[in-house]
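Containing mmCIF, C-alpha atoms: data.cif.
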data_model
loop_
_atom_site.label_atom_id
_atom_site.label_comp_id
_atom_site.auth_asym_id
_atom_site.auth_seq_id
_atom_site.Cartn_x
_atom_site.Cartn_y
_atom_site.Cartn_z
CA MET C 1268 15.37 8.08 -11.59
CA ILE C 1269 16.29 5.16 -9.39
CA ASN C 1270 17.15 6.03 -5.79
CA GLY C 1271 17.74 9.63 -6.82
CA GLU C 1272 20.10 8.80 -9.64
CA GLU C 1273 19.37 9.23 -13.30
CA THR C 1274 19.54 5.66 -14.61
CA GLU C 1275 19.53 4.47 -18.16
CA PHE C 1276 19.01 0.84 -19.04
CA LEU C 1277 17.86 -1.32 -21.89
CA ALA C 1278 15.24 -3.91 -21.12
CA ASP C 1279 13.52 -6.66 -23.00
CA SER C 1280 9.84 -5.94 -23.55
CA ARG C 1281 9.02 -8.99 -21.46
CA ASP C 1282 11.11 -7.90 -18.45
CA SER C 1283 9.30 -6.92 -15.31
CA LEU C 1284 10.62 -3.98 -13.33
CA LEU C 1285 11.89 -6.57 -10.85
CA ASP C 1286 13.80 -8.39 -13.63
CA ALA C 1287 15.32 -5.12 -14.78
CA LEU C 1288 16.33 -4.02 -11.28
CA ARG C 1289 17.97 -7.32 -10.45
CA GLU C 1290 19.37 -8.53 -13.77
CA ARG C 1291 20.11 -5.36 -15.72
CA ILE C 1292 20.80 -2.70 -13.12
CA GLY C 1293 22.34 -4.90 -10.43
CA LEU C 1294 20.05 -3.81 -7.62
CA THR C 1295 19.29 -7.14 -6.00
CA GLY C 1296 17.63 -5.80 -2.85
CA ALA C 1297 14.11 -6.31 -4.17
CA LYS C 1298 13.46 -10.04 -3.99
CA GLU C 1299 11.53 -12.42 -6.17
CA GLY C 1300 9.18 -14.41 -3.96
CA CYS C 1301 5.96 -15.47 -5.64
CA ASN C 1302 6.40 -13.42 -8.81
CA ASN C 1303 2.63 -12.98 -9.00
CA GLY C 1304 1.74 -10.09 -6.73
CA ASN C 1305 0.94 -11.95 -3.53
CA CYS C 1306 4.05 -11.85 -1.34
CA GLY C 1307 5.33 -8.27 -1.58
CA ALA C 1308 9.02 -9.24 -1.43
CA CYS C 1309 9.62 -7.18 -4.58
CA ALA C 1310 7.85 -4.03 -3.33
CA VAL C 1311 9.33 -0.70 -4.42
CA ILE C 1312 8.02 2.85 -4.42
CA MET C 1313 7.19 4.15 -7.86
CA ASP C 1314 6.20 7.79 -8.26
CA GLY C 1315 5.27 7.90 -4.60
CA ARG C 1316 3.14 4.74 -4.62
CA LEU C 1317 3.98 1.33 -3.29
CA VAL C 1318 3.91 -1.27 -6.08
CA ASN C 1319 4.97 -4.87 -6.57
CA SER C 1320 7.81 -4.59 -9.08
CA CYS C 1321 7.00 -8.09 -10.43
CA CYS C 1322 3.66 -6.68 -11.61
CA VAL C 1323 5.15 -3.70 -13.46
CA LEU C 1324 6.79 -3.97 -16.87
CA ALA C 1325 10.25 -2.47 -17.16
CA ALA C 1326 9.04 -0.71 -20.30
CA GLU C 1327 6.45 1.16 -18.24
CA VAL C 1328 8.88 2.96 -15.95
CA GLU C 1329 10.44 5.36 -18.42
CA ASN C 1330 10.67 8.77 -16.66
CA CYS C 1331 9.39 7.33 -13.38
CA ASP C 1332 10.89 7.95 -9.98
CA ILE C 1333 11.68 4.67 -8.24
CA THR C 1334 12.95 3.99 -4.74
CA THR C 1335 14.22 0.53 -3.84
CA ILE C 1336 15.56 -0.77 -0.54
CA GLU C 1337 19.04 0.32 -1.68
CA GLY C 1338 17.84 3.93 -1.56
CA VAL C 1339 16.48 3.85 1.98
CA ALA C 1340 19.61 4.26 4.11
CA THR C 1341 21.49 7.57 3.86
CA GLN C 1342 25.07 8.73 4.39
CA ASP C 1343 24.12 9.27 8.02
CA GLY C 1344 23.18 5.65 8.55
CA LEU C 1345 20.25 3.32 8.50
CA HIS C 1346 16.67 4.50 8.16
CA PRO C 1347 14.78 4.32 11.49
CA LEU C 1348 12.77 1.41 10.08
CA GLN C 1349 15.91 -0.53 9.21
CA GLN C 1350 17.32 0.18 12.67
CA ALA C 1351 14.08 -0.88 14.33
CA PHE C 1352 13.93 -4.12 12.33
CA LEU C 1353 17.41 -4.94 13.66
CA GLU C 1354 16.67 -3.96 17.24
CA GLU C 1355 13.34 -5.79 17.37
CA ALA C 1356 14.75 -8.87 15.58
CA ALA C 1357 12.01 -8.45 12.99
CA LEU C 1358 13.68 -10.76 10.51
CA GLN C 1359 15.08 -14.22 10.35
CA CYS C 1360 15.88 -15.38 6.83
CA GLY C 1361 15.51 -11.82 5.52
CA ILE C 1362 13.99 -12.51 2.12
CA CYS C 1363 10.78 -10.64 2.89
CA THR C 1364 12.54 -7.79 4.71
CA PRO C 1365 13.20 -5.38 1.82
CA GLY C 1366 9.52 -5.58 0.89
CA PHE C 1367 8.40 -5.05 4.48
CA ILE C 1368 10.67 -2.03 4.85
CA MET C 1369 9.46 -0.45 1.61
CA SER C 1370 5.85 -1.11 2.49
CA SER C 1371 6.26 0.21 6.06
CA LYS C 1372 8.06 3.28 4.73
CA ALA C 1373 5.15 4.01 2.40
CA LEU C 1374 2.75 3.59 5.33
CA LEU C 1375 4.62 5.91 7.70
CA GLU C 1376 4.95 8.55 5.02
CA GLN C 1377 1.20 8.82 4.76
CA ASN C 1378 0.27 7.89 8.32
CA PRO C 1379 2.97 8.72 10.88
CA ASP C 1380 0.92 7.35 13.79
CA PRO C 1381 -0.74 4.13 12.65
CA SER C 1382 -2.63 1.84 15.01
CA GLU C 1383 -1.66 -1.82 15.24
CA HIS C 1384 -4.67 -2.59 13.06
CA ASP C 1385 -3.56 -0.01 10.46
CA ILE C 1386 -0.11 -1.60 10.33
CA ARG C 1387 -1.40 -5.15 10.03
CA PHE C 1388 -3.93 -4.18 7.36
CA TRP C 1389 -1.35 -2.21 5.37
CA LEU C 1390 1.24 -4.99 5.57
CA SER C 1391 -1.23 -7.70 4.52
CA GLY C 1392 0.36 -7.65 1.07
CA ASN C 1393 3.70 -8.75 2.52
CA LEU C 1394 4.22 -12.34 3.52
CA CYS C 1395 6.78 -13.54 6.07
CA ARG C 1396 7.19 -17.23 6.79
CA CYS C 1397 9.63 -16.90 9.70
CA THR C 1398 8.69 -14.28 12.25
CA GLY C 1399 4.97 -14.71 12.82
CA TYR C 1400 4.63 -10.95 12.12
CA ASP C 1401 4.49 -9.75 15.75
CA LYS C 1402 8.11 -8.61 15.77
CA ILE C 1403 7.63 -6.84 12.46
CA ILE C 1404 4.61 -4.98 13.81
CA ARG C 1405 6.59 -3.98 16.91
CA ALA C 1406 9.47 -2.76 14.76
CA VAL C 1407 7.15 -0.57 12.70
CA GLN C 1408 5.56 0.82 15.87
CA SER C 1409 8.97 1.55 17.34
CA ALA C 1410 10.23 3.24 14.16
CA ALA C 1411 7.03 5.28 13.95
CA THR C 1412 7.51 6.51 17.52
CA LYS C 1413 11.11 7.44 16.80
CA MET C 1414 10.26 9.19 13.54
CA ARG C 1415 7.55 11.26 15.20
CA GLY C 1416 10.33 12.52 17.51
CA MET M 703 7.34 -14.60 -19.81
CA GLN M 704 6.20 -15.31 -23.36
CA ASP M 705 7.63 -13.19 -26.16
CA VAL M 706 5.58 -10.05 -25.96
CA ARG M 707 5.83 -6.52 -27.29
CA TYR M 708 4.86 -3.34 -25.50
CA ALA M 709 3.20 -0.26 -26.95
CA LYS M 710 2.06 2.86 -25.16
CA ALA M 711 -1.05 4.43 -26.64
CA SER M 712 -1.42 8.16 -26.23
CA SER M 713 -4.96 8.45 -27.54
CA VAL M 714 -8.12 6.36 -27.68
CA ASP M 715 -7.79 6.06 -31.46
CA GLU M 716 -4.21 4.88 -31.24
CA ALA M 717 -5.19 2.22 -28.70
CA ILE M 718 -8.03 1.00 -30.91
CA ASP M 719 -5.67 0.81 -33.87
CA LEU M 720 -3.04 -1.12 -31.91
CA LEU M 721 -5.63 -3.53 -30.50
CA ASN M 722 -7.29 -4.00 -33.86
CA LYS M 723 -4.05 -4.75 -35.67
CA GLY M 724 -2.81 -6.92 -32.82
CA GLY M 725 -5.83 -9.22 -32.98
CA VAL M 726 -6.85 -11.51 -30.14
CA THR M 727 -3.38 -11.72 -28.61
CA ALA M 728 -3.19 -7.96 -28.11
CA ARG M 729 -4.29 -7.15 -24.58
CA VAL M 730 -4.92 -3.90 -22.78
CA LEU M 731 -2.45 -3.07 -20.02
CA ALA M 732 -3.82 -0.87 -17.27
CA GLY M 733 -2.49 -1.65 -13.78
CA GLY M 734 -1.16 -4.99 -15.03
CA THR M 735 -1.74 -6.79 -11.74
CA ASP M 736 -3.69 -9.55 -13.51
CA ILE M 737 -2.53 -9.49 -17.13
CA ILE M 738 1.23 -9.35 -16.48
CA VAL M 739 0.96 -12.38 -14.20
CA GLN M 740 -1.26 -14.23 -16.69
CA ALA M 741 1.19 -13.56 -19.51
CA ARG M 742 4.12 -14.69 -17.38
CA GLU M 743 2.38 -17.86 -16.27
CA ARG M 744 1.09 -18.44 -19.81
CA ARG M 745 -2.49 -18.57 -18.70
CA ARG M 746 -3.36 -16.23 -21.57
CA GLU M 747 -1.55 -15.86 -24.84
CA VAL M 748 -0.39 -12.25 -25.01
CA ARG M 749 1.77 -10.97 -27.90
CA LEU M 750 1.22 -7.26 -27.44
CA PHE M 751 0.54 -5.16 -24.37
CA VAL M 752 -1.29 -1.95 -25.23
CA ASP M 753 -0.66 0.42 -22.31
CA ILE M 754 -3.66 2.74 -22.01
CA LYS M 755 -2.61 4.59 -18.85
CA SER M 756 -1.28 7.63 -20.71
CA ILE M 757 -4.65 8.30 -22.30
CA PRO M 758 -6.07 11.09 -20.10
CA GLU M 759 -9.64 9.79 -20.32
CA THR M 760 -8.61 6.49 -18.69
CA GLN M 761 -7.33 8.41 -15.65
CA GLU M 762 -10.37 10.58 -15.03
CA LEU M 763 -12.09 10.71 -11.69
CA LYS M 764 -14.83 13.30 -11.60
CA TYR M 765 -18.26 13.79 -10.14
CA ASP M 766 -21.08 16.16 -10.83
CA ALA M 767 -24.70 15.94 -9.81
CA ASP M 768 -25.98 15.69 -13.39
CA GLY M 769 -23.42 13.35 -14.92
CA GLY M 770 -22.75 11.26 -11.82
CA LEU M 771 -19.37 9.70 -11.20
CA THR M 772 -16.97 9.00 -14.05
CA VAL M 773 -14.03 6.73 -13.30
CA GLY M 774 -11.41 6.29 -16.00
CA ALA M 775 -10.88 2.60 -16.72
CA ALA M 776 -7.24 2.70 -15.60
CA THR M 777 -7.71 4.94 -12.53
CA PRO M 778 -5.99 3.06 -9.72
CA CYS M 779 -7.96 1.92 -6.66
CA TYR M 780 -6.07 4.16 -4.23
CA ARG M 781 -7.27 7.28 -6.03
CA ILE M 782 -10.83 6.02 -5.92
CA TYR M 783 -10.91 5.25 -2.21
CA ASN M 784 -9.17 8.52 -1.33
CA ASP M 785 -11.63 10.62 -3.31
CA GLU M 786 -13.96 12.79 -1.22
CA ASN M 787 -16.94 12.50 -3.58
CA VAL M 788 -16.65 8.74 -3.77
CA LYS M 789 -16.39 8.53 0.03
CA ARG M 790 -19.47 10.66 0.47
CA LEU M 791 -21.71 9.27 -2.26
CA TYR M 792 -20.50 5.80 -3.26
CA PRO M 793 -19.37 4.01 -0.09
CA ALA M 794 -20.04 0.61 -1.68
CA LEU M 795 -17.31 1.36 -4.24
CA ILE M 796 -14.90 2.27 -1.44
CA GLU M 797 -15.68 -0.99 0.35
CA ALA M 798 -14.68 -3.00 -2.70
CA ALA M 799 -11.79 -0.88 -4.01
CA SER M 800 -10.03 -0.84 -0.65
CA VAL M 801 -9.79 -4.63 -0.34
CA ILE M 802 -8.78 -5.60 -3.87
CA GLY M 803 -5.35 -7.09 -3.20
CA GLY M 804 -3.11 -5.23 -0.77
CA VAL M 805 -1.80 -1.68 -0.86
CA ALA M 806 0.86 -2.47 -3.48
CA ILE M 807 -1.83 -3.88 -5.78
CA GLN M 808 -4.14 -0.93 -5.16
CA GLY M 809 -1.37 1.44 -6.29
CA ARG M 810 -1.91 0.10 -9.81
CA ALA M 811 -5.07 -2.02 -10.08
CA SER M 812 -8.15 -0.39 -11.57
CA LEU M 813 -11.90 -0.98 -11.71
CA GLY M 814 -11.68 -1.23 -15.50
CA GLY M 815 -9.11 -3.98 -15.14
CA ASN M 816 -11.13 -5.78 -12.49
CA LEU M 817 -14.13 -5.72 -14.84
CA CYS M 818 -12.28 -6.75 -18.01
CA ASN M 819 -10.34 -9.54 -16.35
CA SER M 820 -13.81 -11.06 -16.04
CA GLY M 821 -13.07 -13.11 -12.95
CA PRO M 822 -16.18 -14.60 -11.31
CA ALA M 823 -14.96 -13.39 -7.88
CA ALA M 824 -13.99 -9.86 -9.01
CA ASP M 825 -14.64 -7.79 -5.92
CA SER M 826 -15.67 -4.51 -7.50
CA VAL M 827 -18.17 -5.99 -9.95
CA PRO M 828 -21.17 -6.63 -7.64
CA ALA M 829 -20.71 -3.12 -6.24
CA MET M 830 -20.54 -1.58 -9.72
CA ILE M 831 -23.62 -3.53 -10.83
CA VAL M 832 -25.85 -2.47 -7.95
CA LEU M 833 -24.75 1.14 -8.44
CA ASP M 834 -26.13 0.89 -12.00
CA GLY M 835 -22.67 1.27 -13.49
CA LYS M 836 -22.13 1.48 -17.21
CA ALA M 837 -18.94 0.87 -19.15
CA THR M 838 -18.05 3.21 -22.00
CA ILE M 839 -16.44 1.10 -24.69
CA ALA M 840 -14.45 2.51 -27.62
CA GLY M 841 -13.72 0.49 -30.73
CA PRO M 842 -13.28 0.55 -34.49
CA ASN M 843 -17.02 1.22 -34.91
CA GLY M 844 -17.20 4.07 -32.46
CA ARG M 845 -18.41 4.13 -28.88
CA ARG M 846 -21.06 2.24 -27.02
CA SER M 847 -22.25 2.05 -23.46
CA VAL M 848 -22.96 -1.29 -21.81
CA ALA M 849 -24.48 -1.95 -18.39
CA ILE M 850 -21.89 -3.63 -16.18
CA GLU M 851 -24.33 -6.43 -15.39
CA ASP M 852 -24.31 -7.34 -19.10
CA PHE M 853 -20.54 -7.12 -19.58
CA ASN M 854 -19.13 -10.47 -18.52
CA THR M 855 -20.20 -13.69 -20.21
CA GLY M 856 -18.11 -16.32 -18.43
CA PRO M 857 -14.86 -16.80 -16.53
CA GLY M 858 -12.29 -14.68 -18.38
CA ARG M 859 -14.82 -13.80 -21.09
CA ASN M 860 -16.77 -10.64 -21.86
CA ILE M 861 -18.62 -8.83 -24.62
CA LEU M 862 -15.64 -6.81 -25.93
CA GLU M 863 -15.23 -7.18 -29.69
CA PRO M 864 -11.83 -7.14 -31.42
CA GLY M 865 -10.27 -3.69 -31.22
CA GLU M 866 -12.56 -2.58 -28.39
CA PHE M 867 -11.59 -1.53 -24.90
CA VAL M 868 -13.23 0.03 -21.88
CA VAL M 869 -12.38 3.72 -21.59
CA SER M 870 -14.34 4.65 -18.49
CA LEU M 871 -17.05 3.65 -16.08
CA ASN M 872 -20.00 5.80 -15.14
CA PHE M 873 -22.29 5.69 -12.13
CA PRO M 874 -25.43 7.81 -11.85
CA SER M 875 -25.82 10.20 -8.94
CA PRO M 876 -27.38 8.42 -5.99
CA ALA M 877 -31.14 8.89 -5.87
CA PRO M 878 -32.63 10.44 -2.71
CA ASN M 879 -33.37 7.92 0.05
CA SER M 880 -31.16 5.29 -1.54
CA GLY M 881 -28.10 3.43 -0.30
CA ALA M 882 -25.77 0.65 -1.35
CA ALA M 883 -23.28 -1.61 0.40
CA TRP M 884 -20.79 -4.30 -0.49
CA GLN M 885 -19.21 -7.07 1.57
CA ARG M 886 -17.27 -10.26 1.05
CA PHE M 887 -16.27 -13.31 3.02
CA ILE M 888 -12.65 -14.50 3.05
CA PRO M 889 -10.95 -16.82 5.52
CA ARG M 890 -8.09 -14.36 6.15
CA ASN M 891 -8.73 -10.87 7.45
CA GLU M 892 -7.54 -9.28 4.21
CA MET M 893 -5.69 -9.86 0.93
CA ASP M 894 -7.59 -12.88 -0.37
CA ILE M 895 -9.96 -13.91 -3.12
CA ALA M 896 -13.63 -13.81 -2.14
CA VAL M 897 -15.34 -17.05 -1.19
CA VAL M 898 -18.52 -15.05 -1.82
CA ASN M 899 -19.07 -11.33 -2.28
CA ALA M 900 -22.30 -9.37 -2.52
CA GLY M 901 -23.63 -5.92 -3.29
CA SER M 902 -27.05 -4.54 -2.41
CA TYR M 903 -28.85 -1.35 -3.32
CA VAL M 904 -32.15 -0.15 -1.90
CA ARG M 905 -34.28 2.90 -2.37
CA PHE M 906 -37.18 3.88 -0.15
CA ASP M 907 -40.41 5.67 -0.85
CA GLY M 908 -41.68 6.50 2.61
CA ASN M 909 -41.54 3.31 4.59
CA ASN M 910 -41.58 0.98 1.60
CA VAL M 911 -38.71 -0.18 -0.54
CA SER M 912 -39.33 1.30 -3.98
CA ALA M 913 -36.36 -0.16 -5.83
CA ALA M 914 -33.66 -2.72 -5.13
CA LYS M 915 -30.77 -4.36 -6.89
CA ILE M 916 -28.78 -7.27 -5.56
CA ALA M 917 -25.75 -9.03 -7.04
CA ILE M 918 -23.60 -11.91 -5.76
CA GLY M 919 -20.13 -12.95 -6.87
CA ALA M 920 -17.94 -16.08 -6.76
CA VAL M 921 -21.06 -18.24 -6.89
CA GLY M 922 -21.37 -18.67 -10.66
CA PRO M 923 -19.45 -18.23 -13.91
CA THR M 924 -20.12 -14.50 -13.73
CA VAL M 925 -21.47 -12.22 -11.02
CA LEU M 926 -25.17 -13.12 -10.68
CA MET M 927 -28.08 -10.74 -10.38
CA VAL M 928 -30.69 -11.81 -7.85
CA PRO M 929 -33.99 -10.40 -9.12
CA ASP M 930 -35.91 -12.69 -6.73
CA ALA M 931 -34.22 -11.01 -3.80
CA ALA M 932 -35.22 -7.60 -5.11
CA ALA M 933 -38.77 -8.85 -5.67
CA ALA M 934 -38.89 -10.10 -2.08
CA ILE M 935 -38.41 -6.62 -0.66
CA VAL M 936 -39.78 -4.13 -3.20
CA GLY M 937 -43.18 -2.61 -2.43
CA LYS M 938 -43.05 -3.40 1.30
CA PRO M 939 -41.29 -2.16 4.39
CA LEU M 940 -37.89 -3.70 4.94
CA THR M 941 -38.31 -6.08 7.87
CA ASP M 942 -36.41 -9.02 9.31
CA GLU M 943 -38.80 -11.28 7.37
CA THR M 944 -38.36 -9.61 3.97
CA ILE M 945 -34.59 -9.42 4.48
CA LYS M 946 -34.54 -13.11 5.28
CA ALA M 947 -36.59 -13.83 2.16
CA ALA M 948 -34.08 -11.86 0.07
CA GLY M 949 -31.24 -13.88 1.58
CA GLU M 950 -33.10 -17.08 0.82
CA ALA M 951 -33.53 -15.95 -2.79
CA ALA M 952 -29.78 -15.32 -3.04
CA LYS M 953 -29.09 -18.79 -1.67
CA ASN M 954 -31.37 -20.29 -4.33
CA THR M 955 -29.88 -18.19 -7.14
CA ALA M 956 -26.27 -19.01 -6.28
CA ARG M 957 -24.84 -21.87 -8.30
CA PRO M 958 -21.35 -22.20 -6.91
CA ILE M 959 -18.76 -24.89 -7.33
CA ASP M 960 -16.78 -26.76 -4.71
CA ASP M 961 -13.16 -25.69 -4.74
CA MET M 962 -10.24 -25.01 -2.42
CA ARG M 963 -11.82 -21.74 -1.28
CA GLY M 964 -15.18 -23.10 -0.24
CA THR M 965 -17.86 -25.71 -0.69
CA ILE M 966 -21.18 -25.36 -2.47
CA LYS M 967 -23.00 -25.54 0.85
CA GLN M 968 -20.83 -22.88 2.47
CA ARG M 969 -21.10 -20.57 -0.51
CA LYS M 970 -24.88 -20.86 -0.66
CA HIS M 971 -25.09 -20.12 3.05
CA LEU M 972 -22.74 -17.16 2.68
CA SER M 973 -24.77 -15.78 -0.23
CA ALA M 974 -27.76 -15.46 2.08
CA VAL M 975 -25.71 -14.02 4.96
CA LEU M 976 -23.96 -11.41 2.83
CA VAL M 977 -27.12 -10.33 1.04
CA GLU M 978 -28.88 -9.90 4.37
CA ARG M 979 -26.00 -7.91 5.84
CA THR M 980 -25.47 -5.69 2.82
CA LEU M 981 -29.20 -5.01 2.65
CA ARG M 982 -29.23 -3.86 6.25
CA GLU M 983 -26.20 -1.66 5.67
CA ALA M 984 -27.64 -0.23 2.44
CA ALA M 985 -30.93 0.53 4.19
CA GLN M 986 -29.12 2.32 6.98
CA ARG M 987 -27.26 4.43 4.44
CA ALA M 988 -30.48 5.16 2.57
CA ARG M 989 -31.90 6.52 5.83
CA GLY M 990 -28.90 8.74 6.29
CA GLY M 991 -27.13 6.57 8.86
#
Would you give me this structure, written as structure tokens?
Amino acid sequence: MINGEETEFLADSRDSLLDALRERIGLTGAKEGCNNGNCGACAVIMDGRLVNSCCVLAAEVENCDITTIEGVATQDGLHPLQQAFLEEAALQCGICTPGFIMSSKALLEQNPDPSEHDIRFWLSGNLCRCTGYDKIIRAVQSAATKMRG
Amino acid sequence: MQDVRYAKASSVDEAIDLLNKGGVTARVLAGGTDIIVQARERRREVRLFVDIKSIPETQELKYDADGGLTVGAATPCYRIYNDENVKRLYPALIEAASVIGGVAIQGRASLGGNLCNSGPAADSVPAMIVLDGKATIAGPNGRRSVAIEDFNTGPGRNILEPGEFVVSLNFPSPAPNSGAAWQRFIPRNEMDIAVVNAGSYVRFDGNNVSAAKIAIGAVGPTVLMVPDAAAAIVGKPLTDETIKAAGEAAKNTARPIDDMRGTIKQRKHLSAVLVERTLREAAQRARGG
């Protein structure tokens, strides 16, 4: 399942999940940054856990449930995190943004009221070279507040 | 990535068979956070990935007072640091498992993988050594158990024979009046490779230290045991002086290299600092604090 849809695809045994998403399935939201597990731009949620899709083989995901950035917004509009990233100007070039949103989403699902330290520690696996992080942290805090209602 | 095949093993025997037939270019795939990158960057020749994650034994995480803690080799870090028994009884393991990479790495990376990757700076290894960890290895000639301190032989090298792989790790139940701790130094606050890391274990008999084990990482080709540090504290009360002597022993045992992460001088200094700090923490835990 990818973003709630049964998806069938053929992959080369050397493809990473990121390769398969981008090249075979046409979901180009997850980005290739470092391609070695450091930058988090390719982060997706796999069976409920945040993973770097560059460090997963496509062959491993048979029967797995995967959520990518394309599956985050709904018919009703943007996810509160996406909205908050816009409102807080938490992106400039945008390459790291899908990874930050996926990672933040995974955080808020398990900790709806994280401290600033919790957010910074959790997001340490996502690198941004534009914003200096402060705006991203504020966006996550703002989305968390909104999501708690 | 190099031309590589993928096979999912559903039993220990099937994995052994695949690894044996695949020869030296067949590699175990657990969380893949090291081996997939190494294959892609051609730092290791890999022709076959043998995925062991579907073998139930590699996913175990169980504790009982007699058998201690058993951690399947492919059990991801997040399950380890969220486990109530591990939190209560093996805090040194939590300290290491919760800072290996970031959250997205910890969703997949395992202690078995950290051990078998045989990196000199592997964060979990000093912790596993001072906790008296043993690796259960399965291979064409049956099973054997090897102390984690004897497992790695050099950077990227270990004692595994062709066809063998680590199935699980076992840690004895903590003895009464004992404690262990692990720390590392990195220039960032998180998500970095250790400049130095260290694990310490102490046990008390009354006021005196009755047993100790100390290991330091990233300061040699493998994680180094520091028997001189243990000797400096065993049989006496743990005081500022004996702790300092243990740190000094670590400094003298360390044989680091200069590289982009740190200098020899800095790493030797850090070896002493981290051994002193982990000893104090371990002692506090041993006394119930």
Which residues are near region 1293-1300 of chain C? Cut-off 7 Å, only C-alpha atoms, ignore same chain within fewer than 6 positions. Put them as a PDB file with C-alpha atoms, in the coordinates of the input.
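Result went into result30.pdb, see below:
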ATOM      1  CA  CYS C1306       4.050 -11.850  -1.340  1.00  0.00           C
ATOM      2  CA  ALA C1308       9.020  -9.240  -1.430  1.00  0.00           C
ATOM      3  CA  CYS C1309       9.620  -7.180  -4.580  1.00  0.00           C
ATOM      4  CA  ALA C1310       7.850  -4.030  -3.330  1.00  0.00           C
ATOM      5  CA  THR C1335      14.220   0.530  -3.840  1.00  0.00           C
ATOM      6  CA  ILE C1336      15.560  -0.770  -0.540  1.00  0.00           C
ATOM      7  CA  GLU C1337      19.040   0.320  -1.680  1.00  0.00           C
ATOM      8  CA  ILE C1362      13.990 -12.510   2.120  1.00  0.00           C
ATOM      9  CA  PRO C1365      13.200  -5.380   1.820  1.00  0.00           C
ATOM     10  CA  GLY C1366       9.520  -5.580   0.890  1.00  0.00           C
TER      11      GLY C1366
END
The PyMOL selection byres ((chain C and resi 1410) around 9) resolved against shown file, as a PyMOL selection string: chain C and resi 1346-1352+1375+1405-1409+1411-1415
Contact residues around region 1323-1331 of chain C with all atoms listed in the file at 8 Å, ignoring same-chain residues under 2 positions, as an NGL selection string: (:C and (1268 or 1278-1287 or 1313-1314 or 1318-1321 or 1333)) or (:M and (708 or 733-735 or 738))
Quick one: which residues from chain M are at most 7 Å off chain C, using only C-alpha atoms, as a PDB file with C-alpha atoms, in the coordinates of the input?
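Saved result, selection_16.pdb, follows:
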ATOM      1  CA  MET M 703       7.340 -14.600 -19.810  1.00  0.00           C
ATOM      2  CA  ASP M 705       7.630 -13.190 -26.160  1.00  0.00           C
ATOM      3  CA  VAL M 706       5.580 -10.050 -25.960  1.00  0.00           C
ATOM      4  CA  ARG M 707       5.830  -6.520 -27.290  1.00  0.00           C
ATOM      5  CA  TYR M 708       4.860  -3.340 -25.500  1.00  0.00           C
ATOM      6  CA  GLY M 734      -1.160  -4.990 -15.030  1.00  0.00           C
ATOM      7  CA  THR M 735      -1.740  -6.790 -11.740  1.00  0.00           C
ATOM      8  CA  ILE M 738       1.230  -9.350 -16.480  1.00  0.00           C
ATOM      9  CA  VAL M 739       0.960 -12.380 -14.200  1.00  0.00           C
ATOM     10  CA  GLY M 804      -3.110  -5.230  -0.770  1.00  0.00           C
ATOM     11  CA  VAL M 805      -1.800  -1.680  -0.860  1.00  0.00           C
ATOM     12  CA  ALA M 806       0.860  -2.470  -3.480  1.00  0.00           C
ATOM     13  CA  ILE M 807      -1.830  -3.880  -5.780  1.00  0.00           C
ATOM     14  CA  GLY M 809      -1.370   1.440  -6.290  1.00  0.00           C
ATOM     15  CA  GLU M 892      -7.540  -9.280   4.210  1.00  0.00           C
ATOM     16  CA  MET M 893      -5.690  -9.860   0.930  1.00  0.00           C
TER      17      MET M 893
END
For Gln1359 (chain C): contacts at 10 Å, only C-alpha atoms, fewer than 2 positions along chain excluded, given as a list in words: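 Near Gln1359 (chain C), the qualifying residues are Ala1356, Ala1357, Gly1361, Ile1362, Cys1363, Thr1364, Cys1395, Arg1396, Cys1397 and Thr1398 of chain C.
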Computed interatomic separation between CA of Val827 (chain M) and CA of Gln885 (chain M) (Å):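 Pair CA of Val827 (chain M) / CA of Gln885 (chain M) returns 11.6 Å.
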Pairwise distance for CA of Pro828 (chain M) and CA of Arg781 (chain M), rounded to one decimal in Å: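 Result for CA of Pro828 (chain M) versus CA of Arg781 (chain M): 19.7 Å, one decimal.
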CA of Val748 (chain M) to CA of Val726 (chain M), distance in Å rounded to a single decimal: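 Straight-line distance from CA of Val748 (chain M) to CA of Val726 (chain M) works out to 8.3 Å.
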Given the PyMOL selection byres ((chain M and resi 854) around 10), the residues it picks as a short mmCIF file (atom, residue, chain, number, x, y, z; two decimals) with C-alpha atoms, keeping the file's coordinate frame:
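Okay, part.cif is ready:
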data_model
loop_
_atom_site.label_atom_id
_atom_site.label_comp_id
_atom_site.auth_asym_id
_atom_site.auth_seq_id
_atom_site.Cartn_x
_atom_site.Cartn_y
_atom_site.Cartn_z
CA LEU M 817 -14.13 -5.72 -14.84
CA CYS M 818 -12.28 -6.75 -18.01
CA ASN M 819 -10.34 -9.54 -16.35
CA SER M 820 -13.81 -11.06 -16.04
CA GLY M 821 -13.07 -13.11 -12.95
CA PRO M 822 -16.18 -14.60 -11.31
CA VAL M 827 -18.17 -5.99 -9.95
CA ILE M 850 -21.89 -3.63 -16.18
CA GLU M 851 -24.33 -6.43 -15.39
CA ASP M 852 -24.31 -7.34 -19.10
CA PHE M 853 -20.54 -7.12 -19.58
CA THR M 855 -20.20 -13.69 -20.21
CA GLY M 856 -18.11 -16.32 -18.43
CA PRO M 857 -14.86 -16.80 -16.53
CA GLY M 858 -12.29 -14.68 -18.38
CA ARG M 859 -14.82 -13.80 -21.09
CA ASN M 860 -16.77 -10.64 -21.86
CA ILE M 861 -18.62 -8.83 -24.62
CA LEU M 862 -15.64 -6.81 -25.93
CA PRO M 923 -19.45 -18.23 -13.91
CA THR M 924 -20.12 -14.50 -13.73
CA VAL M 925 -21.47 -12.22 -11.02
#
